[in-house]
Every structure is written in C-alpha cells, then in structure tokens.
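Below is one structure; the comments refer to it alone.
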Amino acid sequence: MNIFAQLQNIYLFSKQFILVAVLSFTISVHAQSYNTTFRHGDDSWTAGYTGVPSSVVDDGVVKIEWKEIDNSKGNYAILFEGKSKNKKTFLYVYRQFTGLKPNSTYGIIFNVQFLSSLQNGPIYVKAGALNHQPITFDLPLAEANFQKGKIGYDSRDLEILGIIYPSSGTSGTALYRSQQMQNYAKPFYANTDKSGSLWLILGIEPEATVKEIKPILLNTMRVLFQCQEVYLSTPSDRNSETERVDSEFNDDITSIEIYTGNGHLLKAIYSIDGIFTGNITVDEFENGRYFFLFNLANGTKIVRSVEI
C-alpha cells in the first residue's frame with residue numbers, strides 16, 4: 001500500500017474513531033449550566049499553553065495556577081502570567097463537560113469576570129469548545145490539536161470573547177481592576193461527540209507588541225449550554241459532514257509527525273519534491289493511542305487521533 005493510500009486510511013479511520021480521553025474529573029451538566037468562583041480550588045480546569053518552549057513552566061516564564069486573592073473576602077481565581085517572546089503565545093485552561101445530548105449542536109454562552117493588573121498592551125481573551133480533549137505536543141514550540149487563530153482574530157475552534165486593554169492608570173491605582181465579558185449576542189457553537197461531551201477552552205493571547213503578560217485573574221465563570229439540534233441524523237447528513245471536514249486538507253502535505261498518546265515524537269516523514277522520505281506501516285505501532293500531525297504547505301497544522 002503506498003503512502004498516500006495509507007494516509008487516506010489513517011485519516012478516514014481517525015475521523016470515525018476519534019478517541020475520547022477520560023479526565024480524572026468530569027461533571028454532568030443536567031441543568032445545562034455551570035457556575036464557579038473557584039472558591040474551593042481550580043474546579044478541575046487544566047492548564048495548557050502553545051507557542052512557547054516546553055520548559056517554560058518549570059522556568060517560571062509561564063504561570064497558570066489557582067490563587068487566593070483575598071482570604072478575608074473569600075476571593076479566589078485562576079492566575080495567568082508570563083512572558084511572550086514571539087507572536088504565538090497562548091495560555092489557556094480547559095475542562096470536560098458531560099451529560100449533554102450526543103451528536104448535537106450547542107450554543108454556548110460565557111459570562112466571565114477578570115481582575116487584571118496594568119498591562120503593556122491589549123490582551124485578547126478567546127473561548128470556545130471542542131468535542132475532543134485539547135492536547136499539547138512537546139515540539140520546540142508547543143503546538144496543540146486545535147486552532148487558536150491569528151492574533152486578534154477568530155478561528156474555527158476559538159472566538160474572541162473580549163479584550164483586556166492597557167490601563168491609563170498609574171502605580172498608585174488599585175492593584176487589580178475588574179472586567180466582565182460575555183457573548184449573549186453571539187453564542188459560540190460546537191458539536192458534542194457521540195457520548196455527549198464537550199471540552200470548553202478559555203485563554204489569553206497577547207498582542208504582538210506585548211512581551212510580558214502581567215497577572216490576569218479569572219475569578220468568575222458562568223456558562224450556559226443551549227441545545228440547538230441533533231446533527232448527523234441521516235446518511236446524507238453524515239456524507240455532507242465528511243465532505244466538509246475533508247476540505248481541511250486544502251493544500252499539499254509537507255510532512256507528517258507521529259506522536260504517542262503522551263506527546264512524545266515517535267516518527268517524522270517529509271515530502272521532498274512531492275515524494276515522501278519514509279513510509280508508515282501498521283507493524284511499527286503497538287496497541288494504543290497515537291496522534292498524527294499533518295503539516296500543510298500553507299502553514300496549516302491538522303491533528304488526527306487514532307486508536308490502534
């Protein structure tokens with residue numbers, strides 16, 4: 001079997017059997033709403049980042065953690081802080097929600113409150129939802145299996161919820177100022193998986209001129225899930241959905257990187273003048289989960305999950 005046929009089989013197989021990873025903590029959203037002030041901890045939100053070296057968390061360059069703001073008033077938050085040395089930095093948290101209707105489209109409304117210190121430039125807040133777990137790959141600059149979009153723009157997976165603007169205050173101003181963001185007028189839309197799960201993502205992205213992200217505290221989050229419709233209910237619907245997803249591969253594949261389930265690079269093959277330098281055979285894999293990162297000529301990165 002040639003490489004192109006194998007890639008097609010891997011791609012089609014991954015579209016039909018995308019693995020749903022199980023987190024340590026999940027919740028059921030029977031009321032289809034969610035509220036937290038992080039009073040009792042991070043509430044199972046998991047930290048992630050892209051566009052920065054994998055060692056930055058250990059080096060203290062990037063910090064995402066639960067923080068006590070004022071114990072006397074019972075104020076707590078998720079802290080975002082770090083340095084941005086390029087135009088790809090994105091700090092985020094994510095969480096799985098279960099108990100929604102399987103294979104259904106949901107409108108998702110966020111209502112969040114941030115406390116921010118004086119910033120050197122605008123910070124974009126992006127939010128959205130996926131029907132698979134966000135995964136970060138340990139590349140020279142960390143990449144993820146979702147699209148955050150260009151700085152200051154929406155993407156297929158995430159949209160701008162609001163902007164934290166530079167403050168004109170002085171050093172005598174209060175340490176933090178409050179800012180509320182919501183998308184009541186423009187809900188985000190996402191499709192649940194076959195088990196009725198969604199992973200919500202909320203993160204911050206500095207403008208290209210911002211080199212330091214000063215403390216930003218997420219201290220309140222409210223989310224409303226509004227079921228719109230069940231999708232893929234007929235064979236014709238399924239075919240149209242497959243055609244839509246296949247259109248992501250709208251340019252030549254320049255290389256393919258294969259990662260184990262915990263993010264370690266297993267193999268990479270490259271295209272030189274349209275010919276791949278290596279091959280992929282099933283014999284190379286033990287049973288388990290793998291991620292295939294397709295690098296396209298137009299700069300797009302597409303990740304597919306395969307269970308072997």
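In the structure tokens, chains take letters A, B, ... by order of appearance, with residues numbered from 1 within each chain and ligands from 1 in the order shown.
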Contact residues around Tyr184 (chain A) with only C-alpha atoms at 9 Å, ignoring same-chain residues under 2 positions, as a list in words: Ile108, Ile109, Phe110, Asn111, Gln182, Lys186 and Pro187 of chain A
Region 134-143 of chain A surroundings by only C-alpha atoms, 9 Å radius, close-in-sequence under 3 positions cut, as a PyMOL selection string: chain A and resi 48-54+88+94+130+146+199+201+259+262-265+301
Residues just named, written with N, CA and C atoms as a PDB file, in the first residue's frame:
```
ATOM      1  N   GLY A  48      -2.948  24.736  29.971  1.00  0.00           N
ATOM      2  CA  GLY A  48      -2.224  24.408  28.754  1.00  0.00           C
ATOM      3  C   GLY A  48      -1.648  25.667  28.139  1.00  0.00           C
ATOM      4  N   TYR A  49      -0.767  25.500  27.167  1.00  0.00           N
ATOM      5  CA  TYR A  49      -0.148  26.644  26.520  1.00  0.00           C
ATOM      6  C   TYR A  49       0.369  26.212  25.155  1.00  0.00           C
ATOM      7  N   THR A  50       0.484  27.169  24.235  1.00  0.00           N
ATOM      8  CA  THR A  50       1.074  26.909  22.929  1.00  0.00           C
ATOM      9  C   THR A  50       2.007  28.065  22.583  1.00  0.00           C
ATOM     10  N   GLY A  51       2.906  27.804  21.633  1.00  0.00           N
ATOM     11  CA  GLY A  51       3.769  28.863  21.129  1.00  0.00           C
ATOM     12  C   GLY A  51       4.943  29.213  21.998  1.00  0.00           C
ATOM     13  N   VAL A  52       5.201  28.433  23.037  1.00  0.00           N
ATOM     14  CA  VAL A  52       6.344  28.678  23.918  1.00  0.00           C
ATOM     15  C   VAL A  52       7.069  27.354  24.142  1.00  0.00           C
ATOM     16  N   PRO A  53       8.366  27.377  24.477  1.00  0.00           N
ATOM     17  CA  PRO A  53       9.104  26.131  24.717  1.00  0.00           C
ATOM     18  C   PRO A  53       8.482  25.331  25.855  1.00  0.00           C
ATOM     19  N   SER A  54       8.642  24.013  25.782  1.00  0.00           N
ATOM     20  CA  SER A  54       8.003  23.140  26.767  1.00  0.00           C
ATOM     21  C   SER A  54       8.554  23.323  28.167  1.00  0.00           C
ATOM     22  N   LYS A  88       3.113  33.775  19.001  1.00  0.00           N
ATOM     23  CA  LYS A  88       2.296  32.575  19.035  1.00  0.00           C
ATOM     24  C   LYS A  88       1.819  32.203  20.433  1.00  0.00           C
ATOM     25  N   TYR A  94      -8.761  24.369  30.231  1.00  0.00           N
ATOM     26  CA  TYR A  94      -9.849  23.630  29.609  1.00  0.00           C
ATOM     27  C   TYR A  94     -10.477  22.664  30.620  1.00  0.00           C
ATOM     28  N   LEU A 130     -14.564  22.161  22.071  1.00  0.00           N
ATOM     29  CA  LEU A 130     -14.162  21.074  21.184  1.00  0.00           C
ATOM     30  C   LEU A 130     -14.916  19.814  21.584  1.00  0.00           C
ATOM     31  N   PHE A 146      -5.808  22.018  18.299  1.00  0.00           N
ATOM     32  CA  PHE A 146      -6.915  22.901  17.942  1.00  0.00           C
ATOM     33  C   PHE A 146      -6.312  24.182  17.377  1.00  0.00           C
ATOM     34  N   TRP A 199     -15.428  19.818  25.498  1.00  0.00           N
ATOM     35  CA  TRP A 199     -14.333  20.393  26.278  1.00  0.00           C
ATOM     36  C   TRP A 199     -14.343  21.901  26.039  1.00  0.00           C
ATOM     37  N   ILE A 201     -12.773  25.651  26.369  1.00  0.00           N
ATOM     38  CA  ILE A 201     -11.454  26.273  26.436  1.00  0.00           C
ATOM     39  C   ILE A 201     -11.631  27.771  26.648  1.00  0.00           C
ATOM     40  N   TYR A 259       2.977  11.021  17.041  1.00  0.00           N
ATOM     41  CA  TYR A 259       3.250  11.132  18.470  1.00  0.00           C
ATOM     42  C   TYR A 259       2.518  10.035  19.236  1.00  0.00           C
ATOM     43  N   ASN A 262       1.116  10.237  25.007  1.00  0.00           N
ATOM     44  CA  ASN A 262       1.587  11.217  25.993  1.00  0.00           C
ATOM     45  C   ASN A 262       2.437  12.316  25.371  1.00  0.00           C
ATOM     46  N   GLY A 263       2.416  12.433  24.026  1.00  0.00           N
ATOM     47  CA  GLY A 263       3.022  13.577  23.365  1.00  0.00           C
ATOM     48  C   GLY A 263       4.458  13.425  22.924  1.00  0.00           C
ATOM     49  N   HIS A 264       5.054  12.213  22.985  1.00  0.00           N
ATOM     50  CA  HIS A 264       6.438  12.029  22.547  1.00  0.00           C
ATOM     51  C   HIS A 264       6.490  11.718  21.047  1.00  0.00           C
ATOM     52  N   LEU A 265       7.420  12.369  20.361  1.00  0.00           N
ATOM     53  CA  LEU A 265       7.562  12.164  18.926  1.00  0.00           C
ATOM     54  C   LEU A 265       8.077  10.751  18.645  1.00  0.00           C
ATOM     55  N   LYS A 301      -1.710  23.311  10.363  1.00  0.00           N
ATOM     56  CA  LYS A 301      -1.380  22.073  11.066  1.00  0.00           C
ATOM     57  C   LYS A 301      -2.699  21.378  11.430  1.00  0.00           C
TER      58      LYS A 301
END
```
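The smallest atom-to-atom distance between Tyr124 (chain A) and any of A:Thr89, A:Ser271, A:Thr254, A:Gln228, using only C-alpha atoms, is found for A:Thr89.
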Interatomic distance, CA of Leu202 (chain A) to CA of Asn298 (chain A) (Å, one decimal): 26.7 Å
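Nearest-residue note for Lys150 (chain A): choosing from A:Phe90, A:Phe225, A:Trp66, A:Phe114, the minimum distance belongs to A:Phe90, counting only C-alpha atoms.
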Val93 (chain A) environment, 10 Å, only C-alpha atoms, sequence neighbours closer than 3 positions dropped, as JSON, numbers by chain: {"A": [42, 44, 45, 46, 47, 48, 49, 64, 65, 78, 80, 127, 134, 200, 201, 202, 203, 204]}
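Among the candidates A:Leu158, A:Val210, A:Leu91, A:Ala144, the residue lying nearest to Asn120 (chain A) is A:Val210 (atoms considered: only C-alpha atoms).
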Residues of region 28-188 of chain A in helix (DSSP H, G or I), written as a VMD selection string: chain A and resid 56 to 59 71 to 73
Taking C-alpha atoms for each residue, export the selection above as a PDB file, in the first residue's frame.
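Result saved to part22.pdb:
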```pdb
ATOM      1  CA  VAL A  56       8.860  27.479  30.291  1.00  0.00           C
ATOM      2  CA  VAL A  57       6.537  26.320  33.069  1.00  0.00           C
ATOM      3  CA  ASP A  58       9.443  24.903  35.048  1.00  0.00           C
ATOM      4  CA  ASP A  59      11.486  28.042  34.386  1.00  0.00           C
ATOM      5  CA  ASN A  71      -8.977  35.176  52.035  1.00  0.00           C
ATOM      6  CA  SER A  72     -10.951  37.606  54.212  1.00  0.00           C
ATOM      7  CA  LYS A  73     -13.430  38.151  51.360  1.00  0.00           C
TER       8      LYS A  73
END
```
Strand (DSSP E or B) per DSSP on the backbone: members of region 64-284 of chain A, as a VMD selection string: chain A and resid 64 to 70 75 to 83 90 to 98 104 to 116 123 to 130 136 to 137 143 to 144 158 to 164 177 to 182 188 to 191 198 to 206 212 to 230 253 to 260 265 to 272 275 to 276
